[in-house]
Every structure is written in structure tokens, then in C-alpha cells.
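Worksheet: one structure, shown below.
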Amino acid sequence: MNASLRNCPECGRVFGYMGRNLCPDCLDKEEKIFQLVRKYVRDHPGDDIYEVAEAIGVEEEKILQFLRDGRLQSRGFQASLECERCGGRINSGRYCQSCREILDNSLRRVAPERRTTAEAKPAPANKKRVHKMHIMDSE
Ligand SMILES: [Zn+2]
Ligand SMILES: [Zn+2]
């Protein structure tokens, strides 16, 4: 047994940490919520996150967390997350489709026709002031 003790962020109880950041009770609760959310979204496509949260009686943050974790993916779900790159609305994950493609492409070789955001920084003008010395020959 090498489980370290932690405080559950949900209920504050001390529990033996086993890889998940919640105590077994809250983990169990979260799993039940997840199943409810998944079922509700399947039965009510098109509802937005707030309607889902209200219907089930959970916090919106919980549902957002499922979406962020990628556990919950629904095309019928109204976009409630923001792309971390462009701030556009997305349904799941961290990036929107086009940013994912851009990121994918930049990981491989950059596909030229896909490049839309070429950020060319102009080189700062570096003008050095030159003081010319005039030497006058004195006679
Ligand atoms: Zn707990
Ligand atoms: Zn994006």
C-alpha cells in the first residue's frame, strides 16, 4: 500500500490517493453524473450546457469539465468551450477544428495552402547614431 493521503476537493474528506483526485465517494458520484449527462445529451440533442446542467441539477462547471476532458463529445451539444488558440466556440477538447489542423500541420511540415496566419514581424529599425569626428589640423 503506497497510497498517499489527500483531501478530496469536493467534500474535503481525507482519502488514499489512487491516481484520481477525488475520494471514492465523489468519484462514484461524478461517474453517475457523467452517465446522466451523457444520457440527457443523447436524448435532448441541441440543448445547451446550461439547460443540461439545470435539467440534471449539476453545476455547469462539471459538464464543462467532462467536455474538456474529452469524455463527453456531442455534436448536438451547443458549443460552450473556447478554443485555446483562437477563442472560437468548440464542442469538446481544447482547440477548434481549424486550429487543430493548423497545429497538426505545423507539427509535420507546414502545408502552404493552409497557412492563413503568417505572422511576419518586421525587423526593428536599428539606426545607430554615428557621431562623426572632425579633426581639424591645426597649424
Ligand atoms: Zn469527496
Ligand atoms: Zn481555434
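We label chains A, B, ... in the order they appear in the C-alpha cells, count residues from 1 in each chain, and number ligands from 1 in the order shown.
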
*Contacts of ligand 1, 10 Å or closer, only C-alpha atoms and all ligand atoms, given as a PyMOL selection string*: chain A and resi 7-15+21-30

Keeping only C-alpha atoms, take the residues you just selected and write them out as a PDB file, in the first residue's frame.
ATOM      1  CA  ASN A   7      -8.090  15.908   0.881  1.00  0.00           C
ATOM      2  CA  CYS A   8     -10.911  15.464  -1.561  1.00  0.00           C
ATOM      3  CA  PRO A   9     -11.501  18.799  -3.316  1.00  0.00           C
ATOM      4  CA  GLU A  10     -15.226  18.047  -3.474  1.00  0.00           C
ATOM      5  CA  CYS A  11     -16.128  17.011   0.033  1.00  0.00           C
ATOM      6  CA  GLY A  12     -12.922  17.731   1.917  1.00  0.00           C
ATOM      7  CA  ARG A  13     -12.582  14.220   3.252  1.00  0.00           C
ATOM      8  CA  VAL A  14      -9.203  12.601   3.587  1.00  0.00           C
ATOM      9  CA  PHE A  15      -8.717   9.661   1.284  1.00  0.00           C
ATOM     10  CA  ASN A  21      -8.027  13.475  -7.488  1.00  0.00           C
ATOM     11  CA  LEU A  22     -11.331  12.595  -5.843  1.00  0.00           C
ATOM     12  CA  CYS A  23     -12.302  10.368  -2.972  1.00  0.00           C
ATOM     13  CA  PRO A  24     -14.043   7.111  -3.958  1.00  0.00           C
ATOM     14  CA  ASP A  25     -17.433   8.505  -2.961  1.00  0.00           C
ATOM     15  CA  CYS A  26     -17.108  11.622  -5.081  1.00  0.00           C
ATOM     16  CA  LEU A  27     -15.604   9.651  -7.913  1.00  0.00           C
ATOM     17  CA  ASP A  28     -18.636   7.435  -7.813  1.00  0.00           C
ATOM     18  CA  LYS A  29     -20.915  10.455  -7.737  1.00  0.00           C
ATOM     19  CA  GLU A  30     -19.081  12.031 -10.631  1.00  0.00           C
TER      20      GLU A  30
END

*Please identify every polymer residue within 10 Å of ligand 2, using only C-alpha atoms and all ligand atoms, and present the set as a PyMOL selection string.*
chain A and resi 82-90+94-103

*Just give me the gap between CA of Arg20 (chain A) and CA of Lys62 (chain A) in Å, one decimal is fine.*
15.6 Å

_Interatomic distance (Å, one decimal) between CA of Leu5 (chain A) and CA of Tyr17 (chain A)_ =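 If I compute the distance from CA of Leu5 (chain A) to CA of Tyr17 (chain A), I get 5.7 Å.
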
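For the atom pair formed by CA of Asp47 (chain A) and CA of Phe34 (chain A), the distance is 16.1 Å, given to one decimal.
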
*Nearby residues (only C-alpha atoms) at most 12 Å from Lys39 (chain A), same-chain spacing under 6 positions excluded, as a VMD selection string*: chain A and resid 32 to 33 45 52 55 to 56 72 to 74

*For Leu67 (chain A), please output as a PyMOL selection string all residues within 8 Å (counting only C-alpha atoms; exclusion window: fewer than 6 positions along the same chain).*
chain A and resi 73+81+91-93

Would you export the selected residues with N, CA, C and O atoms as a PDB file, in the first residue's frame, please?
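The resulting file, part32.pdb, is shown below:
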ATOM      1  N   GLN A  73     -18.578  14.031 -25.761  1.00  0.00           N
ATOM      2  CA  GLN A  73     -18.496  14.621 -27.079  1.00  0.00           C
ATOM      3  C   GLN A  73     -19.847  14.526 -27.717  1.00  0.00           C
ATOM      4  O   GLN A  73     -20.349  13.448 -27.944  1.00  0.00           O
ATOM      5  N   LEU A  81     -17.398  25.691 -25.109  1.00  0.00           N
ATOM      6  CA  LEU A  81     -15.991  25.841 -24.767  1.00  0.00           C
ATOM      7  C   LEU A  81     -15.342  26.803 -25.746  1.00  0.00           C
ATOM      8  O   LEU A  81     -15.854  27.035 -26.828  1.00  0.00           O
ATOM      9  N   ASN A  91     -16.968  22.328 -29.298  1.00  0.00           N
ATOM     10  CA  ASN A  91     -17.806  21.388 -28.569  1.00  0.00           C
ATOM     11  C   ASN A  91     -17.037  20.539 -27.578  1.00  0.00           C
ATOM     12  O   ASN A  91     -17.566  20.126 -26.562  1.00  0.00           O
ATOM     13  N   SER A  92     -15.800  20.268 -27.883  1.00  0.00           N
ATOM     14  CA  SER A  92     -15.034  19.417 -26.994  1.00  0.00           C
ATOM     15  C   SER A  92     -13.560  19.635 -27.235  1.00  0.00           C
ATOM     16  O   SER A  92     -13.167  20.229 -28.235  1.00  0.00           O
ATOM     17  N   GLY A  93     -12.776  19.149 -26.307  1.00  0.00           N
ATOM     18  CA  GLY A  93     -11.337  19.256 -26.456  1.00  0.00           C
ATOM     19  C   GLY A  93     -10.841  20.653 -26.154  1.00  0.00           C
ATOM     20  O   GLY A  93     -11.484  21.402 -25.430  1.00  0.00           O
TER      21      GLY A  93
END
